[in-house]
Amino acid sequence: DTGVSQDPRHKITKRGQNVTFRCDPISEHNRLYWYRQTLGQGPEFLTYFQNEAQLEKSRLLSDRFSAERPKGSFSTLEIQRTEQGDSAMYLCASSSWVTRGHYEQYFGPGTRLTVT
Amino acid sequence: GNSVTQMEGPVTLSEEAFLTINCTYTATGYPSLFWYVQYPGEGLQLLLKATKADDKGSNKGFEATYRKETTSFHLEKGSVQVSDSAVYFCALSSQGAQKLVFGQGTRLTINP
C-alpha cells in the first residue's frame with residue numbers, strides 16, 4: 001500500500017508533555033497538509049508544505065505547535081506543553097495536481113491524541 | 001471567508017432508500033468541490049469531486065452536481081446499502097488557496 005501513513009495511530013500523554021507525530025506522504029506528492037479534527041466536527045486546516053517550504057499556517061496553529069518537512073518528504077508535527085484542549089485527531093494529507101490550480105488531497109488514517 | 005454548510009444529521013434510512021445529503025457553500029471565484037467519506041475506524045477517503053460549474057462527480061453509485069447558481073453540491077444515491085453507513089463530509093478548495101474547508105459532517109446509518 002503506498003497511501004499516506006501516520007505514526008503513531010494513538011497517543012496518550014499527560015498535560016504539559018511534548019508530543020511529536022510523523023506523516024509519510026504518497027511518494028510523488030509534493031504538497032503535504034496537516035488538519036485537526038475534533039469529535040463531531042469536520043477537519044480544520046492547520047498548515048501546509050510545498051516540498052520543504054511551509055507556505056501557510058492557520059491561526060489555529062498556536063506558538064506551541066510547530067511543523068517541519070526538512071527534506072520535502074516526511075513531515076513532523078510537534079505540540080509542546082500539551083493542554084487538554086489539544087485532544088483531537090490529527091490528520092495528514094498529501095496532494096497531486098488535478099486541474100486549473102486545484103489539487104486533490106489524500107488523507108492518512110490520523111493520529112488520535114488524548115491529553116489527560 | 002469560505003465556508004461549507006451541510007444538512008445536520010444523523011440521517012437514518014432503510015436499505016434501498018434514496019439518499020440526499022445537502023451541501024451549500026460560500027466562496028469567492030470558482031472553487032473545486034469534494035465529498036469525502038469516513039467509514040467507522042478509518043480515515044477520510046475521497047468519494048467524488050467536481051472542479052467546475054455543471055460538472056457531475058460520481059463514484060460507487062453516488063453523484064453530486066456542481067450548481068453555481070445555487071452554490072450547492074448535494075450528494076445523492078438512488079439505493080443505499082448497509083455498507084454506506086459512514087460520516088460524509090462536503091468540502092471545497094478555492095483557486096489559489098490550497099487548503100480544504102470542510103462542512104461539519106453528516107452521519108448516515110442504513111438499517112437492513
# chains A, B, ... in the order shown; residues from 1 in each chain; ligands from 1
$ residues_around --residues "A:Val4" --least-positions-apart "2" --cutoff "6 Å" --atoms "only C-alpha atoms" --output "PyMOL selection string"
chain A and resi 24-26+108
$ write_last_selection --atoms "all heavy atoms" --output "PDB file, in the first residue's frame"
ATOM      1  N   ASP A  24       4.080  10.336   6.561  1.00  0.00           N
ATOM      2  CA  ASP A  24       4.771   9.997   5.313  1.00  0.00           C
ATOM      3  C   ASP A  24       3.769  10.104   4.172  1.00  0.00           C
ATOM      4  O   ASP A  24       2.816   9.320   4.109  1.00  0.00           O
ATOM      5  CB  ASP A  24       5.358   8.594   5.386  1.00  0.00           C
ATOM      6  CG  ASP A  24       6.575   8.535   6.283  1.00  0.00           C
ATOM      7  OD1 ASP A  24       6.415   8.303   7.502  1.00  0.00           O
ATOM      8  OD2 ASP A  24       7.683   8.763   5.758  1.00  0.00           O
ATOM      9  N   PRO A  25       3.975  11.038   3.252  1.00  0.00           N
ATOM     10  CA  PRO A  25       3.003  11.247   2.175  1.00  0.00           C
ATOM     11  C   PRO A  25       3.167  10.213   1.064  1.00  0.00           C
ATOM     12  O   PRO A  25       4.116   9.414   1.074  1.00  0.00           O
ATOM     13  CB  PRO A  25       3.373  12.638   1.662  1.00  0.00           C
ATOM     14  CG  PRO A  25       4.849  12.712   1.882  1.00  0.00           C
ATOM     15  CD  PRO A  25       5.098  11.961   3.158  1.00  0.00           C
ATOM     16  N   ILE A  26       2.256  10.255   0.111  1.00  0.00           N
ATOM     17  CA  ILE A  26       2.415   9.475  -1.113  1.00  0.00           C
ATOM     18  C   ILE A  26       3.654   9.991  -1.821  1.00  0.00           C
ATOM     19  O   ILE A  26       3.855  11.213  -1.930  1.00  0.00           O
ATOM     20  CB  ILE A  26       1.146   9.597  -1.986  1.00  0.00           C
ATOM     21  CG1 ILE A  26      -0.026   8.942  -1.260  1.00  0.00           C
ATOM     22  CG2 ILE A  26       1.369   8.983  -3.362  1.00  0.00           C
ATOM     23  CD1 ILE A  26      -1.380   9.182  -1.901  1.00  0.00           C
ATOM     24  N   GLY A 108      -4.256  10.421   5.371  1.00  0.00           N
ATOM     25  CA  GLY A 108      -3.805   9.305   6.164  1.00  0.00           C
ATOM     26  C   GLY A 108      -4.842   8.907   7.194  1.00  0.00           C
ATOM     27  O   GLY A 108      -5.878   9.572   7.318  1.00  0.00           O
TER      28      GLY A 108
END
$ select_by_dssp --residues "chain B" --states "strand (DSSP E)" --output "PyMOL selection string"
chain B and resi 3-6+11-14+19-21+23-26+32-38+44-50+56-59+62-65+75-77+86-93+101-102+106-111
$ closest_residue --among "B:Gly41, B:Val87, B:Thr106, B:Asp55" --to "A:Thr111" --atoms "only C-alpha atoms"
B:Gly41
$ interface_residues --of "chain B" --to "chain A" --cutoff "8 Å" --atoms "only C-alpha atoms" --output "list in words"
Ser32, Glu42, Gly43, Leu44, Gln45, Leu46, Thr51, Phe89, Ser93, Ser94, Gln95, Gly96, Gln98, Lys99, Leu100, Val101, Phe102, Gly103, Gln104 and Gly105 of chain B
$ write_last_selection --atoms "N, CA and C atoms" --output "CSV table (one decimal), in the first residue's frame"
chain,number,residue,atom,x,y,z
B,32,SER,N,-13.2,24.3,-6.3
B,32,SER,CA,-13.5,22.9,-6.5
B,32,SER,C,-14.2,22.3,-5.3
B,42,GLU,N,-11.9,4.3,10.2
B,42,GLU,CA,-11.0,4.5,9.0
B,42,GLU,C,-10.7,6.0,8.8
B,43,GLY,N,-9.8,6.3,7.9
B,43,GLY,CA,-9.5,7.7,7.6
B,43,GLY,C,-10.4,8.2,6.5
B,44,LEU,N,-10.3,9.5,6.2
B,44,LEU,CA,-11.1,10.1,5.2
B,44,LEU,C,-10.7,9.6,3.8
B,45,GLN,N,-11.7,9.3,3.0
B,45,GLN,CA,-11.5,8.9,1.7
B,45,GLN,C,-12.2,9.8,0.7
B,46,LEU,N,-11.6,10.2,-0.4
B,46,LEU,CA,-12.2,11.0,-1.4
B,46,LEU,C,-13.3,10.2,-2.1
B,51,THR,N,-14.8,20.1,-10.5
B,51,THR,CA,-13.9,21.2,-10.5
B,51,THR,C,-14.5,22.4,-11.2
B,89,PHE,N,-18.5,14.1,4.4
B,89,PHE,CA,-18.1,15.5,4.6
B,89,PHE,C,-18.1,16.1,3.2
B,93,SER,N,-12.2,23.7,-2.1
B,93,SER,CA,-10.9,24.4,-2.1
B,93,SER,C,-11.0,25.4,-3.2
B,94,SER,N,-10.6,26.6,-2.8
B,94,SER,CA,-10.8,27.7,-3.8
B,94,SER,C,-9.5,27.9,-4.5
B,95,GLN,N,-9.6,28.5,-5.7
B,95,GLN,CA,-8.4,28.8,-6.5
B,95,GLN,C,-7.4,29.6,-5.8
B,96,GLY,N,-6.1,29.2,-5.7
B,96,GLY,CA,-5.1,30.0,-5.1
B,96,GLY,C,-5.0,29.6,-3.6
B,98,GLN,N,-4.9,26.5,-1.1
B,98,GLN,CA,-4.8,25.1,-1.3
B,98,GLN,C,-5.5,24.3,-0.2
B,99,LYS,N,-5.9,24.9,0.9
B,99,LYS,CA,-6.4,24.1,2.0
B,99,LYS,C,-7.9,23.8,1.6
B,100,LEU,N,-8.3,22.7,2.2
B,100,LEU,CA,-9.7,22.3,2.1
B,100,LEU,C,-10.5,22.9,3.3
B,101,VAL,N,-11.7,23.4,3.0
B,101,VAL,CA,-12.6,23.8,4.0
B,101,VAL,C,-13.8,22.8,4.1
B,102,PHE,N,-14.0,22.2,5.2
B,102,PHE,CA,-15.0,21.2,5.4
B,102,PHE,C,-16.3,21.6,6.0
B,103,GLY,N,-17.3,21.0,5.7
B,103,GLY,CA,-18.6,21.1,6.5
B,103,GLY,C,-18.4,20.3,7.7
B,104,GLN,N,-19.5,20.3,8.6
B,104,GLN,CA,-19.4,19.6,9.9
B,104,GLN,C,-19.6,18.1,9.8
B,105,GLY,N,-20.0,17.6,8.6
B,105,GLY,CA,-20.2,16.2,8.5
B,105,GLY,C,-21.6,15.8,8.8
$ residues_around --residues "A:Ser66" --least-positions-apart "5" --cutoff "8 Å" --atoms "only C-alpha atoms" --output "ChimeraX atom specification"
/A:61,77-79
$ residues_around --residues "B:Ser83" --least-positions-apart "5" --cutoff "12 Å" --atoms "only C-alpha atoms" --output "JSON, numbers by chain"
{"B": [14, 15, 16, 37, 38, 39, 40, 60, 108, 109, 110, 111, 112]}
$ write_last_selection --atoms "C-alpha atoms" --output "short mmCIF file (atom, residue, chain, number, x, y, z; two decimals), in the first residue's frame"
data_model
loop_
_atom_site.label_atom_id
_atom_site.label_comp_id
_atom_site.auth_asym_id
_atom_site.auth_seq_id
_atom_site.Cartn_x
_atom_site.Cartn_y
_atom_site.Cartn_z
CA SER B 14 -33.63 1.78 5.33
CA GLU B 15 -31.69 -0.24 2.81
CA GLU B 16 -32.54 0.59 -0.84
CA VAL B 37 -16.41 9.70 3.40
CA GLN B 38 -15.18 8.39 6.74
CA TYR B 39 -16.10 4.79 7.49
CA PRO B 40 -16.03 3.66 11.13
CA LYS B 60 -19.76 3.92 -6.15
CA LEU B 108 -25.52 8.27 7.83
CA THR B 109 -26.86 4.99 9.19
CA ILE B 110 -28.50 2.44 6.92
CA ASN B 111 -30.66 -0.22 8.54
CA PRO B 112 -31.23 -3.59 6.86
#
$ atom_distance --atom1 "atom CA of A:Arg22" --atom2 "atom CA of B:Leu92"
25.7 Å
$ atom_distance --atom1 "atom CA of B:Ser3" --atom2 "atom CA of B:Tyr66"
15.5 Å
$ atom_distance --atom1 "atom CA of A:Gln84" --atom2 "atom CA of A:Lys14"
8.6 Å
$ residues_around --residues "B:Cys23" --least-positions-apart "2" --cutoff "9 Å" --atoms "only C-alpha atoms" --output "count of residues only"
14
$ residues_around --residues "A:Lys71" --least-positions-apart "4" --cutoff "12 Å" --atoms "only C-alpha atoms" --output "list of chain:residue names"
A:Asp24, A:Asn30, A:Phe49, A:Gln50, A:Asn51, A:Glu52, A:Ala53, A:Gln54, A:Ser75, A:Thr76
$ write_last_selection --atoms "N, CA and C atoms" --output "mmCIF file, in the first residue's frame"
data_model
loop_
_atom_site.group_PDB
_atom_site.id
_atom_site.type_symbol
_atom_site.label_atom_id
_atom_site.label_comp_id
_atom_site.auth_asym_id
_atom_site.auth_seq_id
_atom_site.Cartn_x
_atom_site.Cartn_y
_atom_site.Cartn_z
ATOM 1 N N ASP A 24 4.080 10.336 6.561
ATOM 2 C CA ASP A 24 4.771 9.997 5.313
ATOM 3 C C ASP A 24 3.769 10.104 4.172
ATOM 4 N N ASN A 30 4.096 16.460 -3.888
ATOM 5 C CA ASN A 30 4.999 17.452 -3.324
ATOM 6 C C ASN A 30 4.322 18.351 -2.289
ATOM 7 N N PHE A 49 2.695 22.382 3.335
ATOM 8 C CA PHE A 49 4.039 22.492 2.764
ATOM 9 C C PHE A 49 3.992 22.211 1.269
ATOM 10 N N GLN A 50 4.816 22.932 0.548
ATOM 11 C CA GLN A 50 5.149 22.538 -0.816
ATOM 12 C C GLN A 50 6.633 22.221 -0.788
ATOM 13 N N ASN A 51 6.940 20.966 -1.049
ATOM 14 C CA ASN A 51 8.302 20.466 -0.830
ATOM 15 C C ASN A 51 8.672 20.753 0.625
ATOM 16 N N GLU A 52 9.794 21.431 0.882
ATOM 17 C CA GLU A 52 10.177 21.666 2.274
ATOM 18 C C GLU A 52 9.703 23.008 2.803
ATOM 19 N N ALA A 53 9.081 23.819 1.962
ATOM 20 C CA ALA A 53 8.654 25.158 2.363
ATOM 21 C C ALA A 53 7.255 25.137 2.982
ATOM 22 N N GLN A 54 7.145 25.722 4.162
ATOM 23 C CA GLN A 54 5.842 25.850 4.825
ATOM 24 C C GLN A 54 5.187 27.119 4.292
ATOM 25 N N SER A 75 6.918 14.543 7.139
ATOM 26 C CA SER A 75 6.725 15.749 7.941
ATOM 27 C C SER A 75 6.495 15.355 9.400
ATOM 28 N N THR A 76 6.858 16.266 10.303
ATOM 29 C CA THR A 76 6.555 16.072 11.711
ATOM 30 C C THR A 76 5.740 17.250 12.228
#
